[in-house]
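Data block for entry_4.txt (compact mmCIF, C-alpha atoms):
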# COMPACT_ATOMS: atom_id res chain seq x y z
CA ILE A 1 -28.69 8.55 3.43
CA GLU A 2 -25.71 6.20 3.04
CA LEU A 3 -26.30 5.80 -0.71
CA GLN A 4 -26.80 9.56 -1.16
CA SER A 5 -23.53 10.25 0.69
CA VAL A 6 -21.58 7.81 -1.48
CA ASP A 7 -23.17 9.04 -4.71
CA GLY A 8 -22.54 12.66 -3.71
CA ALA A 9 -18.91 11.91 -2.91
CA ARG A 10 -18.53 10.09 -6.24
CA ARG A 11 -19.95 13.08 -8.15
CA ALA A 12 -17.68 15.46 -6.24
CA PHE A 13 -14.63 13.31 -6.98
CA ASN A 14 -15.55 12.99 -10.66
CA SER A 15 -15.74 16.77 -10.90
CA GLY A 16 -11.95 16.72 -10.54
CA ARG A 17 -11.78 19.43 -7.90
CA SER A 18 -9.86 17.29 -5.38
CA ARG A 19 -6.95 16.77 -7.76
CA PRO A 20 -5.11 20.14 -7.61
CA LEU A 21 -2.44 20.64 -4.95
CA GLN A 22 -4.06 23.88 -3.77
CA TYR A 23 -7.42 22.21 -3.03
CA ARG A 24 -5.81 19.43 -1.00
CA LYS A 25 -3.77 21.93 1.00
CA GLN A 26 -6.87 24.04 1.67
CA GLN A 27 -8.76 21.03 3.02
CA LEU A 28 -5.80 19.93 5.17
CA SER A 29 -5.47 23.46 6.54
CA ALA A 30 -9.19 23.51 7.36
CA LEU A 31 -8.88 20.20 9.20
CA LEU A 32 -5.98 21.62 11.21
CA ARG A 33 -8.15 24.61 12.16
CA LEU A 34 -10.91 22.24 13.33
CA ILE A 35 -8.50 20.43 15.67
CA ARG A 36 -7.10 23.67 17.09
CA GLU A 37 -10.29 25.72 17.35
CA ARG A 38 -12.52 22.93 18.69
CA GLN A 39 -10.09 21.24 21.07
CA ALA A 40 -12.14 22.08 24.18
CA GLU A 41 -15.27 20.49 22.67
CA ILE A 42 -13.35 17.39 21.58
CA VAL A 43 -11.84 17.00 25.07
CA SER A 44 -15.29 17.39 26.60
CA ALA A 45 -16.81 14.74 24.29
CA LEU A 46 -14.09 12.25 25.22
CA LYS A 47 -14.63 12.98 28.91
CA ARG A 48 -18.27 11.94 28.41
CA ASP A 49 -17.42 8.91 26.27
CA ILE A 50 -14.55 7.36 28.20
CA SER A 51 -13.85 9.69 31.15
CA ARG A 52 -10.50 10.55 29.62
CA SER A 53 -8.30 13.18 31.28
CA GLU A 54 -8.22 16.60 29.61
CA PHE A 55 -4.42 16.30 29.41
CA ASP A 56 -4.44 12.90 27.69
CA THR A 57 -6.58 13.79 24.68
CA PRO A 58 -4.10 16.28 23.14
CA ILE A 59 -1.19 13.90 23.79
CA PHE A 60 -2.83 10.69 22.57
CA GLU A 61 -4.97 12.03 19.73
CA LEU A 62 -4.74 15.64 18.64
CA ILE A 63 -0.97 16.16 18.41
CA GLY A 64 -0.69 13.11 16.15
CA ILE A 65 -3.37 14.47 13.79
CA GLU A 66 -1.64 17.86 13.70
CA ASN A 67 1.73 16.25 12.95
CA ASP A 68 0.25 14.17 10.11
CA ILE A 69 -1.33 17.27 8.56
CA LYS A 70 1.92 19.25 8.79
CA LEU A 71 3.85 16.30 7.29
CA ALA A 72 1.40 16.11 4.39
CA GLU A 73 1.42 19.87 3.78
CA ARG A 74 5.22 19.92 3.80
CA ASN A 75 5.69 16.98 1.42
CA LEU A 76 2.56 16.98 -0.71
CA ALA A 77 4.14 18.65 -3.76
CA ASP A 78 6.90 16.01 -3.77
CA TRP A 79 4.41 13.16 -3.28
CA MET A 80 2.36 14.38 -6.24
CA ALA A 81 5.37 14.94 -8.55
CA PRO A 82 6.18 12.29 -11.18
CA GLN A 83 8.87 9.88 -9.99
CA PRO A 84 11.36 9.11 -12.78
CA VAL A 85 12.47 5.48 -13.08
CA LYS A 86 15.46 3.83 -14.71
CA LYS A 87 15.21 3.59 -18.50
CA THR A 88 16.14 0.76 -20.80
CA LEU A 89 18.16 1.10 -24.00
CA LEU A 90 14.90 0.89 -25.94
CA THR A 91 13.33 3.84 -24.03
CA ILE A 92 16.47 5.98 -23.55
CA THR A 93 14.94 9.03 -25.24
CA ASP A 94 11.52 8.71 -23.57
CA ASP A 95 10.09 10.21 -20.39
CA VAL A 96 9.53 7.26 -18.06
CA TYR A 97 7.97 7.91 -14.68
CA ILE A 98 5.46 6.84 -12.06
CA LYS A 99 2.61 9.25 -11.40
CA ALA A 100 0.61 8.97 -8.16
CA GLU A 101 -3.13 9.25 -8.80
CA PRO A 102 -6.11 9.39 -6.41
CA LEU A 103 -7.94 6.09 -6.00
CA GLY A 104 -11.41 7.67 -5.97
CA VAL A 105 -13.97 7.39 -3.18
CA VAL A 106 -12.71 5.73 0.00
CA LEU A 107 -14.56 4.60 3.11
CA ILE A 108 -13.03 5.26 6.53
CA ILE A 109 -14.54 3.29 9.42
CA GLY A 110 -13.17 4.69 12.68
CA ALA A 111 -12.66 3.10 16.10
CA TRP A 112 -14.13 4.04 19.48
CA ASN A 113 -11.04 3.96 21.71
CA TYR A 114 -9.29 6.89 20.00
CA PRO A 115 -12.22 8.12 17.92
CA TRP A 116 -10.58 11.31 16.62
CA SER A 117 -7.10 10.02 15.85
CA LEU A 118 -8.21 6.73 14.31
CA THR A 119 -10.80 8.45 12.13
CA LEU A 120 -9.08 11.70 11.14
CA ARG A 121 -5.53 10.43 10.60
CA PRO A 122 -6.69 8.11 7.79
CA LEU A 123 -8.71 11.08 6.49
CA VAL A 124 -5.51 13.17 6.31
CA GLY A 125 -4.05 10.48 4.04
CA ALA A 126 -7.20 10.37 1.91
CA ILE A 127 -7.27 14.16 1.47
CA ALA A 128 -3.54 14.32 0.71
CA ALA A 129 -3.97 11.62 -1.94
CA GLY A 130 -6.78 13.58 -3.62
CA ASN A 131 -9.55 11.14 -2.75
CA ALA A 132 -13.12 11.73 -1.70
CA ALA A 133 -13.89 10.02 1.62
CA VAL A 134 -17.02 8.84 3.36
CA VAL A 135 -16.29 9.07 7.08
CA LYS A 136 -18.02 6.61 9.42
CA PRO A 137 -17.10 7.27 13.08
CA SER A 138 -17.70 4.51 15.62
CA GLU A 139 -21.16 4.69 17.18
CA VAL A 140 -19.75 3.29 20.45
CA SER A 141 -18.14 6.66 21.29
CA LYS A 142 -21.48 8.44 21.02
CA SER A 143 -20.48 11.97 22.01
CA SER A 144 -17.44 12.00 19.74
CA ALA A 145 -19.40 10.58 16.78
CA SER A 146 -22.14 13.21 17.05
CA LEU A 147 -19.58 16.02 17.51
CA LEU A 148 -17.60 14.87 14.45
CA LYS A 149 -20.83 14.78 12.44
CA GLU A 150 -21.52 18.35 13.56
CA LEU A 151 -18.03 19.81 13.12
CA LEU A 152 -16.57 18.26 9.96
CA PRO A 153 -19.09 19.89 7.57
CA GLN A 154 -18.29 23.28 9.13
CA TYR A 155 -14.66 22.99 7.98
CA LEU A 156 -14.40 20.58 5.03
CA ASP A 157 -16.04 20.23 1.61
CA THR A 158 -19.34 18.59 2.61
CA GLU A 159 -19.85 16.77 -0.70
CA MET A 160 -16.33 15.41 -0.85
CA TYR A 161 -16.11 14.34 2.81
CA PRO A 162 -19.58 13.38 4.12
CA VAL A 163 -19.98 11.93 7.63
CA VAL A 164 -22.34 8.98 8.12
CA THR A 165 -23.30 8.08 11.70
CA GLY A 166 -25.21 5.09 13.00
CA GLY A 167 -24.65 1.53 14.16
CA VAL A 168 -24.35 -1.89 12.55
CA PRO A 169 -27.23 -1.48 10.03
CA GLU A 170 -25.79 1.77 8.66
CA THR A 171 -22.30 0.27 8.40
CA GLN A 172 -23.66 -2.82 6.65
CA GLU A 173 -25.51 -0.60 4.18
CA LEU A 174 -22.36 1.40 3.51
CA LEU A 175 -20.38 -1.78 2.89
CA LYS A 176 -22.82 -2.79 0.15
CA GLN A 177 -21.71 0.25 -1.85
CA ARG A 178 -18.70 0.26 -4.14
CA PHE A 179 -15.61 2.01 -2.79
CA ASP A 180 -12.14 2.32 -4.26
CA HIS A 181 -10.52 1.60 -0.89
CA ILE A 182 -11.81 0.75 2.59
CA PHE A 183 -9.88 1.70 5.70
CA TYR A 184 -11.09 -0.04 8.88
CA THR A 185 -9.73 0.12 12.41
CA GLY A 186 -11.14 -2.29 15.00
CA ASN A 187 -11.40 -5.96 15.89
CA SER A 188 -10.67 -8.91 13.62
CA THR A 189 -14.26 -10.25 13.69
CA VAL A 190 -15.60 -7.10 12.04
CA GLY A 191 -12.41 -6.90 9.97
CA LYS A 192 -13.37 -10.19 8.28
CA LEU A 193 -16.84 -8.83 7.47
CA VAL A 194 -15.29 -5.67 6.00
CA MET A 195 -12.90 -7.72 3.87
CA GLU A 196 -15.73 -10.00 2.73
CA ALA A 197 -17.85 -6.99 1.70
CA ALA A 198 -14.89 -5.40 -0.09
CA ALA A 199 -14.22 -8.62 -2.00
CA ARG A 200 -17.60 -8.34 -3.74
CA HIS A 201 -16.33 -5.18 -5.44
CA LEU A 202 -12.66 -6.24 -5.51
CA ALA A 203 -11.95 -3.17 -3.41
CA PRO A 204 -8.55 -2.99 -1.68
CA VAL A 205 -8.60 -2.71 2.12
CA THR A 206 -6.42 -1.49 4.94
CA LEU A 207 -7.33 -3.29 8.16
CA GLU A 208 -5.73 -2.09 11.39
CA LEU A 209 -6.66 -4.79 13.87
CA GLY A 210 -5.74 -5.71 17.42
CA GLY A 211 -4.02 -8.64 19.08
CA LYS A 212 -2.07 -9.59 22.17
CA SER A 213 1.16 -7.61 22.55
CA PRO A 214 3.59 -9.46 24.88
CA CYS A 215 5.94 -7.64 27.21
CA TYR A 216 9.07 -9.54 28.24
CA ILE A 217 10.95 -8.40 31.35
CA ASP A 218 14.44 -9.87 31.63
CA LYS A 219 15.64 -10.38 35.19
CA ASP A 220 18.85 -8.48 34.38
CA CYS A 221 17.13 -5.24 33.27
CA ASP A 222 16.27 -2.16 35.36
CA ILE A 223 13.02 -3.58 36.70
CA ALA A 224 11.85 -0.33 38.32
CA VAL A 225 12.10 1.60 35.04
CA ALA A 226 10.51 -1.27 33.10
CA CYS A 227 7.52 -1.44 35.44
CA ARG A 228 7.03 2.32 35.39
CA ARG A 229 6.89 2.41 31.59
CA ILE A 230 4.68 -0.66 31.36
CA THR A 231 2.27 0.81 33.92
CA TRP A 232 1.96 3.99 31.87
CA GLY A 233 1.38 2.12 28.60
CA LYS A 234 -1.03 -0.43 30.03
CA PHE A 235 -3.32 1.82 32.05
CA ALA A 236 -3.41 4.94 29.85
CA ASN A 237 -6.91 5.23 28.33
CA CYS A 238 -7.95 2.59 30.89
CA GLY A 239 -6.10 -0.09 28.94
CA GLN A 240 -8.18 0.47 25.80
CA THR A 241 -5.28 0.82 23.35
CA CYS A 242 -4.51 -1.65 20.56
CA ILE A 243 -0.74 -1.50 21.21
CA ALA A 244 -0.94 -1.52 25.02
CA PRO A 245 1.16 -4.23 26.68
CA ASP A 246 -1.32 -7.13 26.85
CA TYR A 247 0.56 -9.41 29.24
CA ILE A 248 3.94 -9.73 30.95
CA LEU A 249 6.37 -12.62 30.51
CA CYS A 250 9.02 -12.85 33.24
CA HIS A 251 11.07 -15.31 35.27
CA PRO A 252 9.25 -16.68 38.38
CA ASN A 253 12.03 -15.25 40.59
CA ILE A 254 11.19 -11.65 39.71
CA GLN A 255 7.38 -11.87 39.56
CA HIS A 256 6.92 -10.57 43.13
CA ARG A 257 9.24 -7.60 42.51
CA VAL A 258 7.43 -6.75 39.26
CA ILE A 259 4.08 -6.76 41.09
CA GLU A 260 5.39 -4.51 43.86
CA GLU A 261 7.00 -2.05 41.45
CA ILE A 262 3.77 -1.76 39.46
CA ARG A 263 1.76 -1.40 42.68
CA GLN A 264 3.96 1.52 43.77
CA THR A 265 3.79 3.16 40.34
CA LEU A 266 -0.02 2.86 40.28
CA LEU A 267 -0.12 4.57 43.68
CA GLU A 268 1.99 7.42 42.31
CA PHE A 269 -0.01 7.74 39.07
CA TYR A 270 -3.57 7.37 40.37
CA GLY A 271 -3.43 7.67 44.17
CA GLU A 272 -4.93 5.42 46.85
CA ASP A 273 -8.29 5.33 45.06
CA PRO A 274 -8.00 5.44 41.22
CA LYS A 275 -11.79 5.88 41.10
CA THR A 276 -11.37 9.46 42.29
CA SER A 277 -8.33 10.21 40.11
CA PRO A 278 -8.94 12.69 37.27
CA ASP A 279 -6.26 10.83 35.27
CA TYR A 280 -7.91 7.39 35.31
CA GLY A 281 -10.59 6.59 32.74
CA ARG A 282 -13.55 4.23 32.50
CA ILE A 283 -14.52 1.25 30.36
CA ILE A 284 -16.43 2.40 27.26
CA ASN A 285 -19.69 0.52 28.02
CA GLN A 286 -21.41 -2.24 30.01
CA HIS A 287 -20.72 -4.89 27.38
CA HIS A 288 -16.95 -4.43 27.63
CA PHE A 289 -17.17 -4.09 31.43
CA ASP A 290 -18.87 -7.52 31.67
CA ARG A 291 -16.43 -9.02 29.16
CA LEU A 292 -13.42 -7.90 31.22
CA LEU A 293 -14.81 -9.21 34.51
CA ALA A 294 -15.43 -12.57 32.84
CA LEU A 295 -11.77 -12.68 31.73
CA ILE A 296 -10.59 -12.11 35.33
CA GLU A 297 -12.69 -15.01 36.69
CA GLY A 298 -10.59 -17.95 37.86
CA CYS A 299 -7.34 -15.94 37.96
CA THR A 300 -5.32 -14.94 41.03
CA VAL A 301 -5.55 -11.18 41.64
CA ALA A 302 -2.33 -9.66 43.00
CA VAL A 303 -3.35 -5.98 42.75
CA GLY A 304 -6.77 -4.40 42.28
CA GLY A 305 -9.75 -6.45 41.18
CA GLU A 306 -12.43 -4.00 42.40
CA SER A 307 -15.15 -2.75 40.08
CA ASP A 308 -18.30 -0.60 39.97
CA LYS A 309 -20.76 -1.45 37.21
CA SER A 310 -22.70 1.79 37.61
CA GLN A 311 -19.60 3.72 36.51
CA CYS A 312 -18.09 1.06 34.18
CA TYR A 313 -15.10 1.27 36.53
CA ILE A 314 -12.47 -1.43 36.94
CA THR A 315 -9.49 -0.61 39.11
CA PRO A 316 -6.00 -1.24 37.65
CA THR A 317 -5.61 -4.99 38.11
CA ILE A 318 -2.57 -7.28 38.07
CA LEU A 319 -3.02 -11.04 37.84
CA LYS A 320 -0.21 -13.37 38.89
CA ASP A 321 0.77 -16.94 37.96
CA VAL A 322 -1.56 -16.85 34.97
CA LEU A 323 -1.60 -20.11 33.03
CA PRO A 324 -1.13 -20.07 29.24
CA HIS A 325 -4.49 -21.78 28.66
CA ALA A 326 -6.45 -19.32 30.86
CA ARG A 327 -9.33 -17.57 29.09
CA ILE A 328 -7.65 -14.17 29.48
CA MET A 329 -4.74 -15.45 27.38
CA GLN A 330 -7.00 -16.41 24.46
CA GLU A 331 -8.18 -12.95 23.38
CA GLU A 332 -7.02 -9.35 23.36
CA ILE A 333 -7.78 -7.89 26.81
CA PHE A 334 -8.37 -4.25 25.85
CA GLY A 335 -8.81 -3.06 29.40
CA PRO A 336 -6.98 -2.30 32.68
CA VAL A 337 -6.10 -5.92 33.48
CA LEU A 338 -2.48 -7.09 33.25
CA PRO A 339 -1.72 -10.84 33.53
CA ILE A 340 1.76 -12.06 34.43
CA VAL A 341 2.83 -15.37 32.88
CA THR A 342 6.03 -16.83 34.28
CA ALA A 343 8.57 -18.40 31.93
CA GLY A 344 12.06 -19.80 32.46
CA ASP A 345 14.86 -18.75 30.12
CA VAL A 346 14.72 -16.71 26.93
CA ASN A 347 14.27 -19.89 24.85
CA GLU A 348 10.99 -20.57 26.61
CA VAL A 349 9.87 -16.96 26.12
CA ILE A 350 10.65 -17.03 22.38
CA ARG A 351 8.85 -20.37 22.02
CA PHE A 352 5.82 -18.99 23.91
CA ILE A 353 5.58 -15.96 21.61
CA ASN A 354 6.08 -17.96 18.41
CA GLU A 355 3.37 -20.49 19.31
CA ARG A 356 0.78 -17.69 19.17
CA PRO A 357 -0.48 -15.28 16.47
CA LYS A 358 2.17 -12.73 15.49
CA PRO A 359 1.77 -9.76 17.84
CA LEU A 360 0.96 -6.22 16.76
CA ALA A 361 3.76 -5.02 19.05
CA LEU A 362 6.44 -6.78 21.10
CA TYR A 363 8.05 -5.09 24.10
CA VAL A 364 11.41 -6.30 25.38
CA PHE A 365 12.98 -4.97 28.56
CA SER A 366 16.57 -6.18 28.66
CA SER A 367 20.08 -4.79 28.68
CA ASN A 368 21.97 -7.68 27.13
CA LYS A 369 22.21 -9.85 24.01
CA LYS A 370 18.82 -11.42 24.65
CA VAL A 371 17.42 -8.38 22.84
CA LEU A 372 19.07 -9.48 19.59
CA ARG A 373 17.67 -12.99 19.99
CA MET A 374 14.16 -11.62 20.51
CA LEU A 375 14.55 -9.42 17.40
CA ASN A 376 15.97 -12.19 15.24
CA GLU A 377 13.83 -15.13 16.39
CA THR A 378 10.34 -13.59 16.65
CA THR A 379 8.09 -11.72 14.21
CA SER A 380 5.78 -8.84 15.09
CA GLY A 381 4.42 -5.59 13.66
CA GLY A 382 6.85 -3.54 15.73
CA VAL A 383 9.42 -4.09 18.47
CA LEU A 384 10.35 -1.66 21.23
CA VAL A 385 13.32 -2.26 23.49
CA ASN A 386 13.05 -0.80 27.01
CA ASP A 387 9.91 1.22 26.27
CA VAL A 388 6.29 0.82 25.16
CA MET A 389 3.96 2.36 22.56
CA VAL A 390 6.16 5.34 21.55
CA HIS A 391 6.94 3.86 18.12
CA TYR A 392 3.45 5.02 17.13
CA THR A 393 4.62 8.63 17.39
CA ILE A 394 7.32 8.29 14.70
CA ASN A 395 5.92 9.24 11.29
CA ALA A 396 8.93 7.80 9.49
CA LEU A 397 8.14 4.28 10.78
CA PRO A 398 5.39 2.19 9.21
CA PHE A 399 2.81 1.10 11.76
CA GLY A 400 0.90 -2.15 11.64
CA GLY A 401 1.00 -5.87 12.17
CA VAL A 402 1.67 -9.13 10.37
CA GLY A 403 -1.05 -11.41 9.05
CA ARG A 404 -4.06 -10.92 11.30
CA GLN A 405 -2.97 -7.34 12.03
CA SER A 406 -2.64 -5.63 8.66
CA PRO A 407 -0.43 -2.58 8.07
CA LEU A 408 -1.68 0.95 8.67
CA LYS A 409 -0.26 3.57 6.34
CA LEU A 410 -1.28 6.70 4.49
CA PRO A 411 -3.02 5.78 1.21
Please re-express this file's structure in structure tokens.
Amino acid sequence: IELQSVDGARRAFNSGRSRPLQYRKQQLSALLRLIRERQAEIVSALKRDISRSEFDTPIFELIGIENDIKLAERNLADWMAPQPVKKTLLTITDDVYIKAEPLGVVLIIGAWNYPWSLTLRPLVGAIAAGNAAVVKPSEVSKSSASLLKELLPQYLDTEMYPVVTGGVPETQELLKQRFDHIFYTGNSTVGKLVMEAAARHLAPVTLELGGKSPCYIDKDCDIAVACRRITWGKFANCGQTCIAPDYILCHPNIQHRVIEEIRQTLLEFYGEDPKTSPDYGRIINQHHFDRLLALIEGCTVAVGGESDKSQCYITPTILKDVLPHARIMQEEIFGPVLPIVTAGDVNEVIRFINERPKPLALYVFSSNKKVLRMLNETTSGGVLVNDVMVHYTINALPFGGVGRQSPLKLP
């Protein structure tokens, strides 16, 4: 099936029908109709997969896809037009320009935490660029994967944009095939396997990987506002967001206040019992549930800590006085657990950040010149001052990381 899908997509691409502007716009328009007409089914699938609130899915996934489609439709003619470049004396009478051409057949391997956004937004780029695309949704979000497999052929050219479902064996089989570009979103372990497979065909890759995104709270900032925004960013989607604040760095003197502010905000957001809140999600599966509980072991719980394996439920949890060498500080958490590491002055904070892999995102809550020092003396994929995660919503900004977190952009 995998080979047939790739061969079919290659034949469709070689037919040349994806090259005209009109075809690309038709396919983009059809994808927009899918998102709008099938929203209720998509919301329902995500409720089954991750117990996500019906209000969160449009905000976190569908609006972003719609905006990307509208951006592409609006600018596609300009993107496809030849771009004149500066001539030399030798070529003064010539036409000299850069012409954007489709790469060919691309492979898109989606992620389970935002299975629609992180699969279809790369597809928008592939369609806009005139490519054929083999779409492989994550098998971990089972309901979403099967719904995507059902819906996409009802709206898009089935030969040009086939959907392949399945687990590791199917993905491994796909990666043996030759693609002209591979777009993968997920963890760095699988990212290495994707890059290794791509190297056999010298295929270029875009890897959007995770990492630990630090969140520095300066003692001179508005701590109440900082904690409110951090609480939203950390516990939305039950902490399963690649750019969620991974841990807090703050001065020991304000740790107690930070804990209490977050406790109060959690009460407001999710009530006395988050388990009964329609706005609080669940861990995707038992494997990740067990992994998260293992990370909490040996740490001091300040808020939360309760869990229910039968529901893959972990209450919003804050850990205090976490040591830098603790297990939870060695890997991306990707769940509703927020460690607080205390640090002295801004020099110590900058040193702490720079001693570790460059973060995908860095969040700085401060109202003084320490912000400039953090910007100038650290490196990360993106920096937000006095907010979290909202940089992802700005189409004009590139999104991605440095080194282990490769850039994400439209092909």
Determine the nearest neighbour of Gly233 (chain A) from the options A:Lys370, A:Lys47, A:Lys86, A:His391, counting all atoms listed in the file.
A:His391
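For the choices A:Pro274, A:Gly401, A:Gly305, A:Gly335, the atom-to-atom distance to Phe289 (chain A) is smallest for A:Gly335 when using all atoms listed in the file.
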Using Å and a single decimal, report how far CA of Ile230 (chain A) sits from CA of Leu375 (chain A).
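Interatomic distance here is 19.2 Å.
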Do you know which residues are at most 8 Å from region 320-331 of chain A counting only C-alpha atoms, after dropping those on the same chain fewer than 3 positions away, and could you put them as a ChimeraX atom specification?
/A:211-212,255,295-296,299-302,339-342
Interatomic distance between CA of Val190 (chain A) and CA of Gly130 (chain A)?
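The value is 27.4 Å.
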Identify which of the residues A:Lys99, A:His256, A:His251, A:Lys142 lies closest to Asp220 (chain A), counting all atoms listed in the file when measuring atom-to-atom distances.
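Between A:Lys99, A:His256, A:His251, A:Lys142, the residue approaching Asp220 (chain A) most closely is A:His251.
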Find, counting only C-alpha atoms, the residue in A:Ser143, A:Asn253, A:Ser277, A:Gln177 that gets nearest to Thr315 (chain A).
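The shortest atom-to-atom distance to Thr315 (chain A) comes from A:Ser277.
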Residues of region 181-297 of chain A that approach region 347-359 of chain A to 10 Å or less, counting all atoms listed in the file: could you list each one with the shortest pair of atoms and its distance in Å to one decimal, rows by chain and increasing residue number, as CSV?
residue,atom,partner,partner_atom,distance
A:Gly210,CA,A:Pro359,CA,8.5
A:Gly211,CA,A:Pro359,CA,6.0
A:Lys212,CA,A:Pro359,CA,5.8
A:Ser213,CA,A:Pro359,CA,5.2
A:Pro214,CA,A:Pro359,CA,7.3
A:Tyr216,CA,A:Val349,CA,7.8
A:Ile243,CA,A:Pro359,CA,9.3
A:Asp246,CA,A:Pro359,CA,9.9
A:Leu249,CA,A:Val349,CA,7.1
A:Cys250,CA,A:Val349,CA,8.3
A:His251,CA,A:Val349,CA,9.4
Work out how far apart CA of Ala30 (chain A) and CA of Ala45 (chain A) are and give it in Å to one decimal.
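Computing it gives 20.5 Å between the two atoms.
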Counting all atoms listed in the file, figure out which residue out of A:Pro398, A:Pro82, A:Gly110, A:Pro58 gets nearest to Ile98 (chain A).
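Of A:Pro398, A:Pro82, A:Gly110, A:Pro58, the one nearest Ile98 (chain A), counting all atoms listed in the file, is A:Pro82.
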So that I can check the surroundings of Asn285 (chain A), please list as a list in words every protein, DNA and RNA residue that reaches within 9 Å of it, counting all atoms listed in the file and ignoring chain neighbours fewer than 2 positions away.
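Close residues of Asn285 (chain A): Asp49, Ile50, Val140, Arg282, Ile283, His287, His288, Phe289, Asp290 and Cys312 of chain A.
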Best match for closeness to Arg121 (chain A) among A:Arg36, A:His181, A:Lys70, A:Arg11, counting all atoms listed in the file
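Between A:Arg36, A:His181, A:Lys70, A:Arg11, the residue approaching Arg121 (chain A) most closely is A:Lys70.
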Name all residues at most 10 Å from Thr265 (chain A) (count all atoms listed in the file; drop same-chain ones fewer than 2 positions away) and give them as JSON, numbers by chain.
{"A": [224, 225, 227, 228, 229, 230, 231, 232, 259, 260, 261, 262, 263, 267, 268, 269, 270, 271]}
So that I can see what lies close to Arg38 (chain A), please list as an mmCIF file with C-alpha atoms, in the frame of the given file the residues with an atom at most 10 Å from it, counting all atoms listed in the file and leaving out residues fewer than 5 positions away in the same chain.
data_model
loop_
_atom_site.group_PDB
_atom_site.id
_atom_site.type_symbol
_atom_site.label_atom_id
_atom_site.label_comp_id
_atom_site.auth_asym_id
_atom_site.auth_seq_id
_atom_site.Cartn_x
_atom_site.Cartn_y
_atom_site.Cartn_z
ATOM 1 C CA ARG A 33 -8.150 24.610 12.160
ATOM 2 C CA VAL A 43 -11.840 17.000 25.070
ATOM 3 C CA LEU A 147 -19.580 16.020 17.510
ATOM 4 C CA LEU A 151 -18.030 19.810 13.120
#
Contacts of Leu209 (chain A) at 6 Å or less, counting only C-alpha atoms, minus same-chain residues fewer than 4 places along, as a PDB file with C-alpha atoms, in the coordinates of the input?
ATOM      1  CA  THR A 185      -9.730   0.120  12.410  1.00  0.00           C
ATOM      2  CA  GLY A 186     -11.140  -2.290  15.000  1.00  0.00           C
ATOM      3  CA  ASN A 187     -11.400  -5.960  15.890  1.00  0.00           C
ATOM      4  CA  SER A 188     -10.670  -8.910  13.620  1.00  0.00           C
ATOM      5  CA  GLN A 405      -2.970  -7.340  12.030  1.00  0.00           C
TER       6      GLN A 405
END
Using only C-alpha atoms, can you list as a PDB file with C-alpha atoms, in the coordinates of the input the residues within 7 Å of (-3.0, 13.1, 4.2)?
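And here is the file that came out, result.pdb:
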ATOM      1  CA  ASP A  68       0.250  14.170  10.110  1.00  0.00           C
ATOM      2  CA  ILE A  69      -1.330  17.270   8.560  1.00  0.00           C
ATOM      3  CA  ALA A  72       1.400  16.110   4.390  1.00  0.00           C
ATOM      4  CA  LEU A 123      -8.710  11.080   6.490  1.00  0.00           C
ATOM      5  CA  VAL A 124      -5.510  13.170   6.310  1.00  0.00           C
ATOM      6  CA  GLY A 125      -4.050  10.480   4.040  1.00  0.00           C
ATOM      7  CA  ALA A 126      -7.200  10.370   1.910  1.00  0.00           C
ATOM      8  CA  ILE A 127      -7.270  14.160   1.470  1.00  0.00           C
ATOM      9  CA  ALA A 128      -3.540  14.320   0.710  1.00  0.00           C
ATOM     10  CA  ALA A 129      -3.970  11.620  -1.940  1.00  0.00           C
ATOM     11  CA  LEU A 410      -1.280   6.700   4.490  1.00  0.00           C
TER      12      LEU A 410
END
Rows by chain and residue number, region 1-59 of chain A within 7 Å of region 155-165 of chain A, shortest pair, all atoms listed in the file, as a Markdown table:
| residue | atom | partner | partner_atom | distance |
| --- | --- | --- | --- | --- |
| A:Glu2 | CA | A:Val164 | CA | 6.7 |
| A:Ser5 | CA | A:Pro162 | CA | 6.1 |
| A:Gly8 | CA | A:Glu159 | CA | 5.8 |
| A:Ala9 | CA | A:Met160 | CA | 4.8 |
| A:Ala12 | CA | A:Met160 | CA | 5.6 |
| A:Phe13 | CA | A:Met160 | CA | 6.7 |
| A:Gln27 | CA | A:Leu156 | CA | 6.0 |
| A:Ala30 | CA | A:Tyr155 | CA | 5.5 |
| A:Leu31 | CA | A:Tyr155 | CA | 6.5 |
| A:Leu34 | CA | A:Tyr155 | CA | 6.6 |
Write a file of the selected residues as an mmCIF file, keeping the file's coordinate frame, keeping C-alpha atoms.
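Result written to again.cif:
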data_model
loop_
_atom_site.group_PDB
_atom_site.id
_atom_site.type_symbol
_atom_site.label_atom_id
_atom_site.label_comp_id
_atom_site.auth_asym_id
_atom_site.auth_seq_id
_atom_site.Cartn_x
_atom_site.Cartn_y
_atom_site.Cartn_z
ATOM 1 C CA GLU A 2 -25.710 6.200 3.040
ATOM 2 C CA SER A 5 -23.530 10.250 0.690
ATOM 3 C CA GLY A 8 -22.540 12.660 -3.710
ATOM 4 C CA ALA A 9 -18.910 11.910 -2.910
ATOM 5 C CA ALA A 12 -17.680 15.460 -6.240
ATOM 6 C CA PHE A 13 -14.630 13.310 -6.980
ATOM 7 C CA GLN A 27 -8.760 21.030 3.020
ATOM 8 C CA ALA A 30 -9.190 23.510 7.360
ATOM 9 C CA LEU A 31 -8.880 20.200 9.200
ATOM 10 C CA LEU A 34 -10.910 22.240 13.330
#
Identify the residues around (-6.8, 4.6, 28.3) within a radius of 9 Å, measuring from all atoms listed in the file in the coordinates stated by the file, and give them as a PyMOL selection string.
chain A and resi 50+52+56+113-114+233-241+280-283+335-336
